[in-house]
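Colleague: Next comes work.txt, compact mmCIF, C-alpha atoms and all ligand atoms:
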```txt
# COMPACT_ATOMS: atom_id res chain seq x y z
CA MET A 1250 112.33 62.72 65.11
CA PRO A 1251 113.07 65.09 67.96
CA GLU A 1252 111.87 63.87 71.30
CA THR A 1253 109.08 65.90 72.83
CA GLY A 1254 109.69 66.27 76.54
CA PRO A 1255 106.96 66.07 79.15
CA ARG A 1256 104.54 68.96 79.11
CA THR A 1257 105.22 71.24 82.05
CA TYR A 1258 103.02 73.71 83.88
CA ARG A 1259 104.65 76.41 81.78
CA ASP A 1260 102.73 75.15 78.76
CA LYS A 1261 99.57 76.35 80.48
CA PRO A 1262 98.54 79.80 81.62
CA VAL A 1263 99.28 80.41 85.30
CA SER A 1264 96.89 82.21 87.64
CA PHE A 1265 99.28 85.05 88.47
CA VAL A 1266 101.40 87.74 86.96
CA ARG A 1267 104.52 88.20 88.99
CA ARG A 1268 104.64 91.67 90.43
CA SER A 1269 108.10 93.07 89.94
CA GLY A 1270 107.66 95.52 92.83
CA ARG A 1271 110.83 95.81 94.84
CA MET A 1272 110.80 94.88 98.46
CA SER A 1273 111.15 97.58 101.09
CA GLU A 1274 114.23 97.59 103.29
CA ALA A 1275 112.26 96.05 106.14
CA GLN A 1276 111.04 93.31 103.83
CA GLU A 1277 114.55 92.60 102.56
CA ARG A 1278 115.72 92.39 106.15
CA ALA A 1279 112.87 90.05 107.10
CA TRP A 1280 113.75 87.84 104.13
CA THR A 1281 117.42 87.63 105.05
CA GLN A 1282 116.83 87.05 108.74
CA LEU A 1283 113.80 84.78 108.66
CA ALA A 1284 113.95 82.72 105.46
CA ASP A 1285 115.95 79.98 107.17
CA ARG A 1286 113.24 79.53 109.75
CA TYR A 1287 110.15 79.82 107.58
CA LEU A 1288 110.87 79.44 103.88
CA ILE A 1289 111.04 76.05 102.21
CA ASP A 1290 113.75 75.78 99.59
CA VAL A 1291 112.28 73.79 96.70
CA PRO A 1292 114.01 72.26 93.68
CA ARG A 1293 112.71 74.00 90.57
CA ASP A 1294 111.65 72.89 87.14
CA ALA A 1295 111.88 75.29 84.18
CA ALA A 1296 110.59 78.50 85.78
CA ALA A 1297 111.57 80.41 88.92
CA THR A 1298 108.22 79.69 90.60
CA SER A 1299 107.98 76.07 89.45
CA VAL A 1300 108.38 72.93 91.56
CA ALA A 1301 110.34 69.94 90.31
CA ARG A 1302 108.31 66.77 89.90
CA ASP A 1303 110.41 64.85 92.43
CA ALA A 1304 110.41 67.61 95.03
CA GLN A 1305 108.20 65.88 97.57
CA VAL A 1306 108.69 66.77 101.23
CA ASP A 1307 107.62 64.90 104.34
CA PRO A 1308 105.52 67.23 106.50
CA ALA A 1309 106.57 65.33 109.64
CA VAL A 1310 110.21 66.19 108.86
CA LEU A 1311 109.39 69.74 107.81
CA TYR A 1312 107.53 70.58 111.01
CA GLY A 1313 109.32 68.14 113.28
CA ARG A 1314 106.08 66.46 114.34
CA SER A 1315 102.89 64.86 113.02
CA ALA A 1316 99.94 67.24 113.16
CA ARG A 1317 96.99 68.43 111.12
CA LEU A 1318 98.16 70.36 108.06
CA VAL A 1319 96.39 73.39 106.58
CA VAL A 1320 97.60 74.90 103.29
CA GLU A 1321 96.66 78.38 102.13
CA ILE A 1322 97.01 79.09 98.43
CA GLY A 1323 97.65 82.71 97.50
CA SER A 1324 98.23 83.79 101.09
CA GLY A 1325 98.98 87.40 100.03
CA GLN A 1326 100.24 89.40 103.02
CA GLY A 1327 99.66 86.39 105.25
CA HIS A 1328 97.00 87.90 107.51
CA ALA A 1329 94.73 84.84 107.52
CA ILE A 1330 97.43 82.22 107.92
CA VAL A 1331 99.50 84.01 110.58
CA HIS A 1332 96.35 84.62 112.58
CA ALA A 1333 95.30 80.97 112.21
CA ALA A 1334 98.76 79.61 113.04
CA ALA A 1335 98.95 81.74 116.19
CA ALA A 1336 95.45 80.68 117.23
CA ARG A 1337 96.01 76.95 116.59
CA PRO A 1338 99.50 75.91 117.72
CA ASP A 1339 98.45 72.23 117.52
CA THR A 1340 98.07 72.50 113.73
CA ASP A 1341 100.74 73.02 111.05
CA PHE A 1342 100.28 75.62 108.32
CA LEU A 1343 101.80 76.13 104.87
CA ALA A 1344 101.48 79.44 102.99
CA VAL A 1345 101.86 79.23 99.21
CA GLU A 1346 102.47 82.52 97.41
CA VAL A 1347 104.46 83.90 94.47
CA PHE A 1348 104.43 87.52 95.69
CA LYS A 1349 107.78 88.02 97.44
CA ALA A 1350 106.89 91.15 99.38
CA GLY A 1351 103.81 89.35 100.72
CA LEU A 1352 105.95 86.43 101.83
CA ALA A 1353 108.38 88.81 103.57
CA ARG A 1354 105.49 90.47 105.37
CA THR A 1355 104.13 87.06 106.38
CA MET A 1356 107.50 86.02 107.86
CA ARG A 1357 107.81 89.30 109.74
CA ASP A 1358 104.33 89.03 111.25
CA ALA A 1359 104.81 85.34 112.06
CA ASP A 1360 108.06 86.08 113.84
CA ALA A 1361 106.54 89.00 115.76
CA ALA A 1362 103.70 86.71 116.86
CA GLY A 1363 106.14 83.97 117.90
CA VAL A 1364 104.59 81.56 115.38
CA ARG A 1365 106.60 78.35 114.81
CA ASN A 1366 104.00 76.06 113.20
CA LEU A 1367 104.11 77.85 109.83
CA ARG A 1368 106.21 77.37 106.70
CA LEU A 1369 106.14 79.33 103.45
CA VAL A 1370 106.83 78.35 99.90
CA GLU A 1371 107.43 80.72 97.00
CA ALA A 1372 105.94 78.77 94.09
CA ASN A 1373 103.03 78.16 91.75
CA ALA A 1374 100.39 76.61 93.97
CA PRO A 1375 99.10 73.76 91.77
CA GLU A 1376 102.68 72.50 91.46
CA VAL A 1377 103.15 72.70 95.22
CA VAL A 1378 99.98 70.71 95.84
CA GLN A 1379 100.80 68.15 93.16
CA HIS A 1380 104.56 67.70 93.54
CA LEU A 1381 105.71 69.02 96.92
CA LEU A 1382 102.99 67.57 99.15
CA PRO A 1383 102.52 63.82 99.50
CA ALA A 1384 99.20 62.33 98.40
CA ALA A 1385 96.52 62.40 101.10
CA SER A 1386 98.62 64.52 103.48
CA VAL A 1387 96.63 67.75 103.85
CA ASP A 1388 93.63 68.32 106.13
CA GLU A 1389 92.47 71.63 104.68
CA ILE A 1390 93.25 73.75 101.65
CA TRP A 1391 92.17 77.40 101.66
CA VAL A 1392 91.81 79.65 98.63
CA PHE A 1393 90.57 83.08 99.69
CA PHE A 1394 90.01 85.81 97.11
CA PRO A 1395 91.96 84.24 94.26
CA ASP A 1396 92.73 86.66 91.44
CA PRO A 1397 89.36 86.99 89.66
CA TRP A 1398 90.61 87.33 86.07
CA HIS A 1399 87.23 88.79 85.24
CA LYS A 1400 87.93 89.78 81.63
CA LYS A 1401 86.72 87.09 79.29
CA ARG A 1402 90.04 86.75 77.50
CA HIS A 1403 91.76 86.08 80.86
CA ALA A 1404 89.25 83.52 82.14
CA LYS A 1405 91.61 80.64 81.39
CA ARG A 1406 93.98 81.96 84.05
CA ARG A 1407 91.52 81.29 86.87
CA LEU A 1408 92.92 78.95 89.48
CA VAL A 1409 89.78 77.01 90.37
CA THR A 1410 89.16 74.64 87.47
CA ALA A 1411 88.33 70.95 87.10
CA GLU A 1412 92.05 70.21 86.78
CA PHE A 1413 92.79 72.11 89.99
CA ALA A 1414 90.00 70.18 91.76
CA GLY A 1415 91.68 66.93 90.71
CA ILE A 1416 95.05 68.07 92.06
CA VAL A 1417 93.49 69.15 95.35
CA ALA A 1418 91.60 65.84 95.62
CA GLY A 1419 94.95 64.03 95.46
CA ALA A 1420 96.50 66.02 98.30
CA LEU A 1421 93.60 66.05 100.77
CA VAL A 1422 93.07 63.31 103.34
CA GLU A 1423 89.71 61.59 103.31
CA GLY A 1424 87.33 63.90 105.13
CA GLY A 1425 89.62 66.85 104.37
CA MET A 1426 88.21 70.20 103.34
CA LEU A 1427 88.64 72.70 100.51
CA ARG A 1428 87.50 76.19 101.54
CA LEU A 1429 86.99 78.93 98.99
CA ALA A 1430 85.94 82.57 99.15
CA THR A 1431 85.50 85.24 96.49
CA ASP A 1432 83.78 88.58 95.98
CA TRP A 1433 83.21 87.95 92.26
CA GLN A 1434 79.81 86.39 91.69
CA ASP A 1435 80.67 84.77 88.38
CA TYR A 1436 83.82 83.23 89.90
CA ALA A 1437 81.72 81.95 92.83
CA ASP A 1438 79.35 80.41 90.28
CA GLN A 1439 82.31 78.85 88.46
CA MET A 1440 83.70 77.46 91.74
CA ALA A 1441 80.33 75.90 92.60
CA GLU A 1442 79.93 74.43 89.14
CA VAL A 1443 83.46 72.99 89.06
CA MET A 1444 83.39 71.63 92.60
CA ASP A 1445 79.84 70.22 92.46
CA ALA A 1446 80.98 68.16 89.46
CA ALA A 1447 84.42 67.26 90.85
CA PRO A 1448 84.91 63.55 91.59
CA GLY A 1449 85.70 62.86 95.25
CA PHE A 1450 84.07 65.98 96.72
CA ARG A 1451 80.79 66.67 98.46
CA ARG A 1452 79.32 70.06 99.35
CA ALA A 1453 79.88 70.80 103.03
CA PHE A 1454 77.09 73.40 103.21
CA GLU A 1455 73.38 73.66 102.71
CA GLY A 1456 71.66 76.41 100.83
CA GLU A 1457 73.24 78.40 98.06
CA TRP A 1458 76.48 79.43 99.78
CA ALA A 1459 78.43 78.40 102.83
CA PRO A 1460 78.33 80.56 105.96
CA ARG A 1461 81.34 82.82 106.33
CA PHE A 1462 84.25 80.62 107.47
CA ASP A 1463 85.08 81.86 110.95
CA GLY A 1464 88.79 81.08 110.48
CA ARG A 1465 88.97 83.66 107.71
CA VAL A 1466 90.10 87.11 108.85
CA MET A 1467 89.08 90.26 106.99
CA THR A 1468 91.70 91.24 104.43
CA ALA A 1469 92.06 94.23 102.12
CA PHE A 1470 90.60 92.19 99.26
CA GLU A 1471 87.41 91.39 101.14
CA ARG A 1472 87.15 95.00 102.35
CA LYS A 1473 87.51 96.28 98.80
CA GLY A 1474 84.83 93.91 97.52
CA LEU A 1475 82.44 94.98 100.27
CA ALA A 1476 83.16 98.67 99.65
CA ARG A 1477 82.18 98.15 96.03
CA GLY A 1478 78.88 96.56 97.08
CA ARG A 1479 79.83 93.00 96.11
CA ASP A 1480 78.55 89.96 98.03
CA ILE A 1481 81.22 87.76 99.58
CA ARG A 1482 80.70 84.09 98.77
CA ASP A 1483 82.15 81.26 100.83
CA LEU A 1484 82.16 77.63 99.64
CA ALA A 1485 83.35 74.47 101.37
CA TYR A 1486 83.81 70.98 99.93
CA ARG A 1487 84.62 67.80 101.80
CA ARG A 1488 86.91 65.15 100.31
CA VAL A 1489 84.96 61.89 100.28
C1 LIG A 1501 93.79 88.72 95.27
S1 LIG A 1501 95.13 88.15 96.19
C2 LIG A 1501 94.39 87.57 97.70
C3 LIG A 1501 95.38 87.40 98.82
C4 LIG A 1501 94.82 86.84 100.14
N1 LIG A 1501 94.27 85.51 99.99
C5 LIG A 1501 93.80 87.77 100.73
O1 LIG A 1501 92.61 87.42 100.79
O2 LIG A 1501 94.21 88.88 101.14
C6 LIG A 1501 95.58 86.66 95.37
C7 LIG A 1501 96.97 86.20 95.70
O3 LIG A 1501 97.18 84.91 95.12
C8 LIG A 1501 98.51 84.84 94.64
N2 LIG A 1501 98.51 83.79 93.59
C9 LIG A 1501 97.78 83.78 92.47
N3 LIG A 1501 97.99 82.66 91.76
C10 LIG A 1501 98.90 81.94 92.48
C11 LIG A 1501 99.53 80.68 92.25
N4 LIG A 1501 99.26 79.96 91.17
N5 LIG A 1501 100.41 80.24 93.15
C12 LIG A 1501 100.69 80.98 94.27
N6 LIG A 1501 100.11 82.18 94.55
C13 LIG A 1501 99.24 82.65 93.66
C14 LIG A 1501 98.80 86.24 94.12
O4 LIG A 1501 100.18 86.50 94.07
C15 LIG A 1501 98.06 87.09 95.14
O5 LIG A 1501 98.91 87.48 96.20
```
Would you write out, as structure tokens, the structure that this file holds?
Modeller:
Amino acid sequence: MPETGPRTYRDKPVSFVRRSGRMSEAQERAWTQLADRYLIDVPRDAAATSVARDAQVDPAVLYGRSARLVVEIGSGQGHAIVHAAAARPDTDFLAVEVFKAGLARTMRDADAAGVRNLRLVEANAPEVVQHLLPAASVDEIWVFFPDPWHKKRHAKRRLVTAEFAGIVAGALVEGGMLRLATDWQDYADQMAEVMDAAPGFRRAFEGEWAPRFDGRVMTAFERKGLARGRDIRDLAYRRV
């Protein structure tokens, strides 16, 4: 009988569609000049955005020190994480994104701001959290405005699921925090349902929704949601 290999992430739907958009000249330049400083080179599995199972890194080696670690999943253009890294030099930051032009922009802005406590990884976020980061090594994980996949037939692509909660639980330190934000009410409801039921997490807010996280800067996605009259929902869950 033929051997069936281990199931990989590629057997499941991923939460992104890779945009083929070419990078601008400035972005290409930023990539060439700044990748050595900011971008983590990860061993891959089957797909270009995958992370090999044995790819684990030691954050202390990566950043050259031991410090609090904050990971942003789907960092887009990098506005939130560059701002946070510049404001909190005592903390280390990791941006996880599959959108190359966004990563190039993030590196450019980080360099312009003189930010050194930030690294970027171009990969599928659940694989980064599960395989690249050691267990119980992350203080906060941020997921702001994840792709909403609002059509019913696409719902299975949503990032925040019970399985995702389990992966995040493994990476967070005790007392660590998962912060979420979305402008799609039914995704906010899904996040609350999934996270309220997730083993190892406790709500870190009272009332229906968390107050706006003050470390979250306004991005185009939030602005667009507001312009369309949507409520912005923040959620926060503590690892217990
Ligand atoms: C709607 S955008 C929001 C970007 C940013 N957080 C903001 O608020 O401006 C979602 C981003 O998540 C990225 N993304 C989606 N699924 C991902 C995954 N599994 N791994 C890494 N990045 C992902 C997309 O490429 C996209 O840039």
Colleague: With all atoms listed in the file counted and 6 Å as the cut-off, give the residues of chain A in contact with ligand LIG 1501 (chain A), each with its shortest interatomic distance in Å and the pair that gives it, as a tab-separated table.
Modeller:
```
residue	atom	partner	partner_atom	distance
A:Val1263	CA	A:LIG1501	N4	5.9
A:Ser1264	CA	A:LIG1501	N3	4.3
A:Phe1265	CA	A:LIG1501	N3	4.3
A:Ile1322	CA	A:LIG1501	N6	5.8
A:Gly1323	CA	A:LIG1501	O3	3.3
A:Ser1324	CA	A:LIG1501	N1	4.5
A:Gly1325	CA	A:LIG1501	C3	3.8
A:Val1345	CA	A:LIG1501	C12	5.4
A:Glu1346	CA	A:LIG1501	N6	3.7
A:Val1347	CA	A:LIG1501	N6	4.7
A:Phe1348	CA	A:LIG1501	O4	4.7
A:Ala1372	CA	A:LIG1501	C12	5.7
A:Asn1373	CA	A:LIG1501	N5	3.6
A:Ala1374	CA	A:LIG1501	N5	3.7
A:Phe1393	CA	A:LIG1501	N1	4.4
A:Phe1394	CA	A:LIG1501	C2	4.8
A:Pro1395	CA	A:LIG1501	C6	4.5
A:Asp1396	CA	A:LIG1501	C1	4.5
A:Thr1468	CA	A:LIG1501	O2	4.8
A:Ala1469	CA	A:LIG1501	O2	5.8
A:Phe1470	CA	A:LIG1501	O2	5.2
```
Colleague: Determine the axis-aligned bounding box of all atoms of stretch 1412-1415 of chain A present in the file, pad each side by 4 Å, and express its centre and edge lengths in Å to one decimal place as AutoDock Vina command-line options.
Modeller:
```
--center_x 91.4 --center_y 69.5 --center_z 89.3 --size_x 10.8 --size_y 13.2 --size_z 13.0
```
Colleague: Which residues are near A:Asn1366? Cut-off 7 Å, all atoms listed in the file, ignore same chain within fewer than 3 positions. Put them as a list in words.
Modeller: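 Using all atoms listed in the file, the neighbours found are Tyr1312, Ala1334, Pro1338, Thr1340, Asp1341 and Phe1342 of chain A.
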Colleague: Could you please determine the separation between atom CA of A:Arg1278 and atom CA of A:Leu1343 in Å, to one decimal place?
Modeller: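 A separation of 21.4 Å between them.
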Colleague: Compare A:Arg1451, A:Lys1349, A:Lys1401, A:His1332 by their minimum atom-to-atom distance to A:Arg1465, counting only C-alpha atoms, and give me the closest one.
Modeller: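 Among the listed residues, A:His1332 lies closest to A:Arg1465.
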Colleague: Nearest to A:Arg1268: which of A:Gly1351, A:Asp1303, A:Trp1433, A:Ala1335 is it, counting all atoms listed in the file?
Modeller: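 Of A:Gly1351, A:Asp1303, A:Trp1433, A:Ala1335, the one nearest A:Arg1268 is A:Gly1351, counting all atoms listed in the file.
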Colleague: List the spatial neighbours of A:Asp1290 as number ranges by chain - criterion: any atom at most 9 Å away, only C-alpha atoms, same-chain residues fewer than 3 positions off excluded.
Modeller: A: 1285, 1370-1371
Colleague: Report, in Å with one decimal, the straight-line distance from atom CA of A:Pro1375 to atom CA of A:Ala1485.
Modeller: 18.5 Å
Colleague: Interatomic distance between atom CA of A:Arg1314 and atom CA of A:Gln1276?
Modeller: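 Answer for the atom CA of A:Arg1314 to atom CA of A:Gln1276 separation: 29.3 Å.
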